[in-house]
Amino acid sequence: MYHPWIPNSDPKIKEDMLRSLGASFEDLIRDIPEKIRLRRELEIGFGRPLSEHEVSIILEKILSKNVVFKDPPPFLGGGVCPHAVPYVVKYILMRGEFYTAYTPYQAEINQGLMQVLFEYQSMIADLYDVDVVNSSMYDVSTATAEAIRMMMRITRKRGVLVPEKMNPFIKKVVETWIWPVDGVLIRYKIDPAEGILILDKFSENEIGGLYLENPSFLGEIIEETDLLNDYVKKKKFIFIVNAEPLSLGLLKPPGEYGADIVVGNGSSLGLGMNYGGPSLGILGIKMREEFIRQLPGRLIGATKEVDGDKKGFAMILQTREQHIRRERATSNITTNSALEAVAAAVYLSYVGEKGLRRLGESIYQRTVYMKNRVEKDLVGKACINSERRFFFRELPIRFITRSYREIHRELLKRGIHGGLLLDNLMEGMVNTSLFCVTELHSRSHIDLLIKTLAEVA
Amino acid sequence: MRWRQAYWDENFIQDKKRYGEGPLIPYEDDFREIKIDLPENILRRSSTGLPDLPEIEVVRHFIRLSQMSYGVDTGPVPLGSCTMKYNPKIADFLTQSPAITDVHPLQDEDTVQGLLEIIYLTERWLSEIVGMDKCSFQPPAGAAGELSGAIMIKRYHHDKGQMRDEMLIPDSAHGSNPASAAMAGFKVIRIPTSYKGTVDLDALRSVVSDKTAGIMLTNPNTLGIFEEDILEISDIIHKTGGLLYYDGANLNGILGIARPGDMGFDIVHLNLHKTFSSPHGGGGPGGGVVCARGELVDYLPRPLIMKEGSRYYWDYNCERCIGRISAFYGNIIPVIRTFIYIASLSGRGLREAGEIAIINTNYFIKRLMEKPYYQLPYDPSRPRKHEVVFSAKKILQETGVSAEDISKALLDEGFHAPTMYFPLIVDEALMIEFTETESRDVLDQYAEALNRIAEVAYKDPSLVKSSPRNTSVRRLDYVRANHPKTLAPTKKFLDKIW
Ligand SMILES: Cc1ncc(COP(=O)(O)O)c(C=O)c1O
């Protein structure tokens, strides 16, 4: 059969090629034992090759079974929220020179891609106030897992302190990744009066690091960053901070309050939600020798021509990586999220310094607006399920009079996608749902949500 | 071919002149009156260093940089082991649907039935292609699939109360195999390759024991040679109580022709960004899939896609599963691209892809071997499958021109170079994989270019050694790039090197 994606499937060319080999196709696979040859056609697809038109009709028909929430966008939090994807980002990502390229093993022919990745590394380093950022991890959960494993290698200790209300999706992934090396997550909480309280029994001299989420999974802005900094310095812990990049035009960057390793979810930087992936895991460090030696993932560095004077870029410190170091590599990561790093670089360039500050402020203002409306208009029906004062983008709302499951169904009937029910995800969050508001939510969207909640709750 | 790559002396975007206030933010005015009441000590005071640019400047900057890059859309990228296929354009557009890109991962299942149906069908198809019972899309790339598989093997033995801590891996394996095994806490036992280019069975027999957790193999292997003793290997490993893991990076060599499940493998990973034409994105994203059969399905990372009646849902049931390997369901866009790819080709087309990939490799070998410059180590009489590894050792010894020099000279011909210096068991390795998507003309031209470069090497090696000349920059200084005194991984260190 001929297919336009397979040029040499033209029967005449195929025959010619086989003739010049003096072989039949069977000859070329003579070393595949008879017993394991597949003697039938794979039962896949729709029975025959389909034209573009047919494929698009099938795909669109199936996808029409999805409900797309655009106006209003979903009020659904959980670490991923709806954000704008500028057309400039979509357009640049369609450049075949970027998206159909491989990892830039041949530096001279891929300088452009490497400059973008270097710009990404530099932008994220400045945004988080660290020195070195790798050119991407898969997503924030694997970035966190790798950060914790890195901490374990540096300190040779297997325990890490994690927030009592840690992002449960990240937590599950970290647990899988550290299980083989006997890693242990020990919960802590920040008590306004008593400082850091460790909630699980574990010998302190086996603890090597402290992991913070800021804003927390519940959207809480952490005010005690200086206290945490003092604490980790006193205990000689490695301080790992997961911060939402879009908050950093407004909030103090983790490097400024002592983070040694930073991680982040890059999905808000112009990637779209994509039903969870592809995403972008941010991973960065302060420049210290043992940190950079233990850093996983690809790194682009600046250099020059050997015999000329043009500036250029190259992949650096590859001796940390699997293709050189094999079982002693800092990680197995090979394919990463380079194209998402390109997207993030384009996004941050497009939004700019002023834009990012305004965006951070505006999302904060919307969170405040929503919180005020809940406290004013849902009295007796719902309350904010947190002792903290300040929130960014997400709000945990506890419902008092009716099960959130039912409320959620009522919202859906009215074309509104509500929050994430936390009952099964987190202790102590009874009948609580995590809502989010971003730059895509207008005042009338939020008003509609509150009005509907007031009716159905 | 005559070509010259663009060169723009393009400043860092952060260093460009500043304009304006940034983009329009939706509904910003709605909330103007709300005060920013946050305490001073948690507010950002330092600059983010980002530029403020009009849209046109952003576009030009990145378009110029794209002109200094090279992908499959530009020309052939026959990197061995990477399966750099043409990436169908239909998929670029269809995957931009808001019903994919604007879907929140935690949306109610009732609102994502369309997506789940596509994921389900793709899962069924992939299980059929590899001969497994069930697949999980959780791994975001191949290496994460390996890690999943290695942890599954560890858990499996753990549950059986067995202390098996040795993972067997051939010396020809990709680096991510031993790295993944080590991350899962295994000791890596290296199995040598025999003169035939396949696993040395005697060596294998001599190391298997009650400590053997399993073996990680790819078949065809990284030499492009089919492991013809695979059933015997499977027997040896299974008899001792170990498991077989299949690295699916090389699946293109047997697509529609043979299935890992029928060879005795227990766990398989796939790279959707290789075999199923999802683009590599300059390094990522990938799409990893990990599949298993029998009892091992219980160990797959959760959730798994399921169907009941006409309803699709995620099954989180995890009695023995290894947990999660990434936050949600994996990389969904490559999954949808896989759906499009398989729907477009069907079973017949996939088989055709597998056949042509093999024919292309062997045709290319024949063309290149018309001249005496390159060697084909490990039984040259044996047909290769999806890829081939040549050695440029003779050229190096006789002219001083290395595999790297040859690769750079290929860039000057307008071609991307092959994978160099891998697998480690071949000296001066040039590992070439065209896939089924390159035309015969390209194969001819590439073979001619390689032989022409070798000819030049014998006449005037300095010409080859001083390539590339037609790329945006010439050879780069890796010593200074990696030296602690001049290391510059971000802009703030630039004055050390520039
Ligand atoms: C043989 C082999 N195994 C495993 C991998 C790792 O896959 P990935 O890059 O998707 O993580 C690769 C790809 O680079 C490979 O070529």
# chains A, B, ... in the order shown; residues from 1 in each chain; ligands from 1
$ select_by_dssp --residues "stretch 251-355 of chain A" --states "strand (DSSP E)" --output "list of chain:residue names"
A:Ile261, A:Val262, A:Val263, A:Gly264, A:Asn265, A:Gly281, A:Ile282, A:Leu283, A:Gly284, A:Ile285, A:Ile300, A:Gly301, A:Ala302, A:Thr303, A:Lys304, A:Lys311, A:Gly312, A:Phe313, A:Ala314, A:Met315
$ write_last_selection --atoms "N, CA and C atoms" --output "PDB file, in the first residue's frame"
ATOM      1  N   ILE A 261      17.075  25.015  46.642  1.00  0.00           N
ATOM      2  CA  ILE A 261      16.570  24.390  45.414  1.00  0.00           C
ATOM      3  C   ILE A 261      15.162  24.934  45.194  1.00  0.00           C
ATOM      4  N   VAL A 262      14.833  25.306  43.970  1.00  0.00           N
ATOM      5  CA  VAL A 262      13.463  25.734  43.689  1.00  0.00           C
ATOM      6  C   VAL A 262      12.851  24.813  42.643  1.00  0.00           C
ATOM      7  N   VAL A 263      11.546  24.606  42.786  1.00  0.00           N
ATOM      8  CA  VAL A 263      10.794  23.884  41.766  1.00  0.00           C
ATOM      9  C   VAL A 263       9.535  24.687  41.462  1.00  0.00           C
ATOM     10  N   GLY A 264       8.902  24.377  40.360  1.00  0.00           N
ATOM     11  CA  GLY A 264       7.691  25.112  40.020  1.00  0.00           C
ATOM     12  C   GLY A 264       6.930  24.423  38.911  1.00  0.00           C
ATOM     13  N   ASN A 265       5.661  24.796  38.818  1.00  0.00           N
ATOM     14  CA  ASN A 265       4.797  24.274  37.772  1.00  0.00           C
ATOM     15  C   ASN A 265       4.739  25.303  36.653  1.00  0.00           C
ATOM     16  N   GLY A 281       8.170  21.158  34.214  1.00  0.00           N
ATOM     17  CA  GLY A 281       8.686  21.175  35.583  1.00  0.00           C
ATOM     18  C   GLY A 281       9.897  22.093  35.656  1.00  0.00           C
ATOM     19  N   ILE A 282       9.794  23.053  36.558  1.00  0.00           N
ATOM     20  CA  ILE A 282      10.907  23.989  36.752  1.00  0.00           C
ATOM     21  C   ILE A 282      11.806  23.428  37.850  1.00  0.00           C
ATOM     22  N   LEU A 283      13.115  23.456  37.629  1.00  0.00           N
ATOM     23  CA  LEU A 283      14.053  23.020  38.666  1.00  0.00           C
ATOM     24  C   LEU A 283      15.290  23.910  38.627  1.00  0.00           C
ATOM     25  N   GLY A 284      15.570  24.562  39.750  1.00  0.00           N
ATOM     26  CA  GLY A 284      16.727  25.461  39.808  1.00  0.00           C
ATOM     27  C   GLY A 284      17.450  25.356  41.139  1.00  0.00           C
ATOM     28  N   ILE A 285      18.678  25.866  41.143  1.00  0.00           N
ATOM     29  CA  ILE A 285      19.510  25.778  42.359  1.00  0.00           C
ATOM     30  C   ILE A 285      20.333  27.043  42.546  1.00  0.00           C
ATOM     31  N   ILE A 300      22.030  24.158  29.282  1.00  0.00           N
ATOM     32  CA  ILE A 300      22.673  24.851  28.165  1.00  0.00           C
ATOM     33  C   ILE A 300      23.590  25.911  28.762  1.00  0.00           C
ATOM     34  N   GLY A 301      24.802  26.017  28.239  1.00  0.00           N
ATOM     35  CA  GLY A 301      25.731  27.027  28.728  1.00  0.00           C
ATOM     36  C   GLY A 301      26.251  27.871  27.584  1.00  0.00           C
ATOM     37  N   ALA A 302      26.780  29.027  27.940  1.00  0.00           N
ATOM     38  CA  ALA A 302      27.352  29.917  26.929  1.00  0.00           C
ATOM     39  C   ALA A 302      28.791  29.507  26.635  1.00  0.00           C
ATOM     40  N   THR A 303      29.192  29.702  25.396  1.00  0.00           N
ATOM     41  CA  THR A 303      30.588  29.472  25.035  1.00  0.00           C
ATOM     42  C   THR A 303      30.917  30.310  23.800  1.00  0.00           C
ATOM     43  N   LYS A 304      32.033  30.002  23.177  1.00  0.00           N
ATOM     44  CA  LYS A 304      32.440  30.716  21.960  1.00  0.00           C
ATOM     45  C   LYS A 304      32.934  29.706  20.945  1.00  0.00           C
ATOM     46  N   LYS A 311      29.888  34.271  19.468  1.00  0.00           N
ATOM     47  CA  LYS A 311      29.373  33.682  20.695  1.00  0.00           C
ATOM     48  C   LYS A 311      28.477  32.499  20.345  1.00  0.00           C
ATOM     49  N   GLY A 312      28.370  31.572  21.269  1.00  0.00           N
ATOM     50  CA  GLY A 312      27.520  30.416  20.986  1.00  0.00           C
ATOM     51  C   GLY A 312      27.101  29.711  22.259  1.00  0.00           C
ATOM     52  N   PHE A 313      26.365  28.614  22.060  1.00  0.00           N
ATOM     53  CA  PHE A 313      25.815  27.858  23.194  1.00  0.00           C
ATOM     54  C   PHE A 313      26.065  26.369  22.984  1.00  0.00           C
ATOM     55  N   ALA A 314      26.181  25.671  24.102  1.00  0.00           N
ATOM     56  CA  ALA A 314      26.419  24.231  24.029  1.00  0.00           C
ATOM     57  C   ALA A 314      25.779  23.562  25.232  1.00  0.00           C
ATOM     58  N   MET A 315      25.483  22.272  25.082  1.00  0.00           N
ATOM     59  CA  MET A 315      25.014  21.529  26.262  1.00  0.00           C
ATOM     60  C   MET A 315      26.221  21.325  27.167  1.00  0.00           C
TER      61      MET A 315
END
$ closest_atom_pairs --of "chain B" --to "ligand 1" --cutoff "8 Å" --atoms "only C-alpha atoms and all ligand atoms" --output "JSON lines"
{"residue": "B:Gly80", "atom": "CA", "partner": "ligand 1", "partner_atom_place_in_ligand_line": "16 (O)", "distance": 7.5}
{"residue": "B:Ser81", "atom": "CA", "partner": "ligand 1", "partner_atom_place_in_ligand_line": "16 (O)", "distance": 4.0}
{"residue": "B:Cys82", "atom": "CA", "partner": "ligand 1", "partner_atom_place_in_ligand_line": "16 (O)", "distance": 5.3}
{"residue": "B:Pro140", "atom": "CA", "partner": "ligand 1", "partner_atom_place_in_ligand_line": "10 (O)", "distance": 7.8}
{"residue": "B:Ala141", "atom": "CA", "partner": "ligand 1", "partner_atom_place_in_ligand_line": "10 (O)", "distance": 4.1}
{"residue": "B:Gly142", "atom": "CA", "partner": "ligand 1", "partner_atom_place_in_ligand_line": "10 (O)", "distance": 3.3}
{"residue": "B:Ala143", "atom": "CA", "partner": "ligand 1", "partner_atom_place_in_ligand_line": "11 (O)", "distance": 3.6}
{"residue": "B:Ala144", "atom": "CA", "partner": "ligand 1", "partner_atom_place_in_ligand_line": "11 (O)", "distance": 6.3}
{"residue": "B:Gly145", "atom": "CA", "partner": "ligand 1", "partner_atom_place_in_ligand_line": "11 (O)", "distance": 7.7}
{"residue": "B:Glu146", "atom": "CA", "partner": "ligand 1", "partner_atom_place_in_ligand_line": "4 (C)", "distance": 7.7}
{"residue": "B:Ala173", "atom": "CA", "partner": "ligand 1", "partner_atom_place_in_ligand_line": "1 (C)", "distance": 6.5}
{"residue": "B:His174", "atom": "CA", "partner": "ligand 1", "partner_atom_place_in_ligand_line": "1 (C)", "distance": 4.7}
{"residue": "B:Gly175", "atom": "CA", "partner": "ligand 1", "partner_atom_place_in_ligand_line": "3 (N)", "distance": 7.4}
{"residue": "B:Ser176", "atom": "CA", "partner": "ligand 1", "partner_atom_place_in_ligand_line": "4 (C)", "distance": 5.7}
{"residue": "B:Asn177", "atom": "CA", "partner": "ligand 1", "partner_atom_place_in_ligand_line": "4 (C)", "distance": 6.5}
{"residue": "B:Thr218", "atom": "CA", "partner": "ligand 1", "partner_atom_place_in_ligand_line": "1 (C)", "distance": 6.7}
{"residue": "B:Asn221", "atom": "CA", "partner": "ligand 1", "partner_atom_place_in_ligand_line": "1 (C)", "distance": 7.8}
{"residue": "B:Thr222", "atom": "CA", "partner": "ligand 1", "partner_atom_place_in_ligand_line": "1 (C)", "distance": 6.3}
{"residue": "B:Asp247", "atom": "CA", "partner": "ligand 1", "partner_atom_place_in_ligand_line": "3 (N)", "distance": 5.7}
{"residue": "B:Gly248", "atom": "CA", "partner": "ligand 1", "partner_atom_place_in_ligand_line": "3 (N)", "distance": 7.0}
{"residue": "B:Ala249", "atom": "CA", "partner": "ligand 1", "partner_atom_place_in_ligand_line": "2 (C)", "distance": 4.7}
{"residue": "B:Asn250", "atom": "CA", "partner": "ligand 1", "partner_atom_place_in_ligand_line": "1 (C)", "distance": 6.3}
{"residue": "B:Asn271", "atom": "CA", "partner": "ligand 1", "partner_atom_place_in_ligand_line": "10 (O)", "distance": 5.4}
{"residue": "B:His273", "atom": "CA", "partner": "ligand 1", "partner_atom_place_in_ligand_line": "10 (O)", "distance": 7.1}
{"residue": "B:Lys274", "atom": "CA", "partner": "ligand 1", "partner_atom_place_in_ligand_line": "10 (O)", "distance": 7.9}
{"residue": "B:Gly284", "atom": "CA", "partner": "ligand 1", "partner_atom_place_in_ligand_line": "9 (O)", "distance": 8.0}
{"residue": "B:Gly286", "atom": "CA", "partner": "ligand 1", "partner_atom_place_in_ligand_line": "10 (O)", "distance": 5.7}
{"residue": "B:Gly287", "atom": "CA", "partner": "ligand 1", "partner_atom_place_in_ligand_line": "10 (O)", "distance": 7.0}
{"residue": "B:Gly288", "atom": "CA", "partner": "ligand 1", "partner_atom_place_in_ligand_line": "10 (O)", "distance": 6.4}
$ residues_around --residues "B:Phe186" --least-positions-apart "2" --cutoff "9 Å" --atoms "only C-alpha atoms" --output "PyMOL selection string"
(chain A and resi 180) or (chain B and resi 150+154+164-167+178+180-184+188+213)
$ residues_around --residues "B:Asp133" --least-positions-apart "3" --cutoff "7 Å" --atoms "only C-alpha atoms" --output "count of residues only"
4
$ residues_around --residues "A:Arg389" --least-positions-apart "3" --cutoff "9 Å" --atoms "only C-alpha atoms" --output "PDB file with N, CA and C atoms, in the first residue's frame"
ATOM      1  N   GLU A 220      -2.811  29.406  50.088  1.00  0.00           N
ATOM      2  CA  GLU A 220      -2.369  30.298  51.160  1.00  0.00           C
ATOM      3  C   GLU A 220      -0.987  30.870  50.864  1.00  0.00           C
ATOM      4  N   ILE A 221      -0.873  32.186  50.995  1.00  0.00           N
ATOM      5  CA  ILE A 221       0.440  32.814  50.850  1.00  0.00           C
ATOM      6  C   ILE A 221       1.159  32.669  52.195  1.00  0.00           C
ATOM      7  N   SER A 386      -9.484  27.799  56.213  1.00  0.00           N
ATOM      8  CA  SER A 386      -8.057  28.027  56.464  1.00  0.00           C
ATOM      9  C   SER A 386      -7.953  29.127  57.489  1.00  0.00           C
TER      10      SER A 386
END
$ closest_residue --among "A:Glu194, A:Glu410, A:Glu146, A:Glu305" --to "chain B" --atoms "only C-alpha atoms"
A:Glu305
$ closest_residue --among "A:Phe391, A:Leu76, A:Glu97, A:Gly380" --to "B:Pro76" --atoms "only C-alpha atoms"
A:Glu97
$ residues_around --residues "A:Ile416" --least-positions-apart "4" --cutoff "8 Å" --atoms "only C-alpha atoms" --output "list in words"
Phe69, Pro72, Pro73, Pro74, Phe75, Leu411, Leu412 and Leu449 of chain A
$ residues_around --residues "B:Asp15" --least-positions-apart "5" --cutoff "9 Å" --atoms "only C-alpha atoms" --output "CSV table (one decimal) with all heavy atoms, in the first residue's frame"
chain,number,residue,atom,x,y,z
B,49,GLY,N,13.9,41.0,35.7
B,49,GLY,CA,14.8,41.1,34.6
B,49,GLY,C,14.1,40.8,33.3
B,49,GLY,O,14.8,40.7,32.2
B,50,LEU,N,12.8,40.7,33.2
B,50,LEU,CA,12.1,40.4,32.0
B,50,LEU,C,12.0,41.7,31.2
B,50,LEU,O,12.0,42.8,31.7
B,50,LEU,CB,10.7,39.9,32.3
B,50,LEU,CG,10.6,38.6,32.9
B,50,LEU,CD1,9.2,38.2,33.3
B,50,LEU,CD2,11.2,37.5,32.0
B,51,PRO,N,12.0,41.5,29.8
B,51,PRO,CA,11.8,42.7,29.0
B,51,PRO,C,10.4,43.2,28.9
B,51,PRO,O,9.5,42.5,29.3
B,51,PRO,CB,12.2,42.2,27.6
B,51,PRO,CG,11.7,40.8,27.6
B,51,PRO,CD,11.9,40.3,29.1
$ atom_distance --atom1 "atom CA of B:Pro461" --atom2 "atom CA of B:Leu430"
18.2 Å
$ select_by_dssp --residues "stretch 334-431 of chain A" --states "alpha helix (DSSP H)" --output "MDAnalysis selection string"
chainID A and resid 338:377 404:413
$ closest_residue --among "B:Phe364, B:Trp314, B:Tyr70, B:Phe93" --to "chain A" --atoms "only C-alpha atoms"
B:Tyr70
$ atom_distance --atom1 "atom CA of B:Glu428" --atom2 "atom CA of B:Val388"
13.4 Å
$ atom_distance --atom1 "atom CA of A:Thr176" --atom2 "atom CA of B:Leu244"
21.2 Å
$ closest_residue --among "A:Gly355, A:Gly415, A:Gly79, A:Gly266" --to "chain B" --atoms "only C-alpha atoms"
A:Gly355
$ closest_residue --among "A:Phe25, A:Tyr257, A:Tyr99, A:Tyr404" --to "chain B" --atoms "only C-alpha atoms"
A:Tyr99
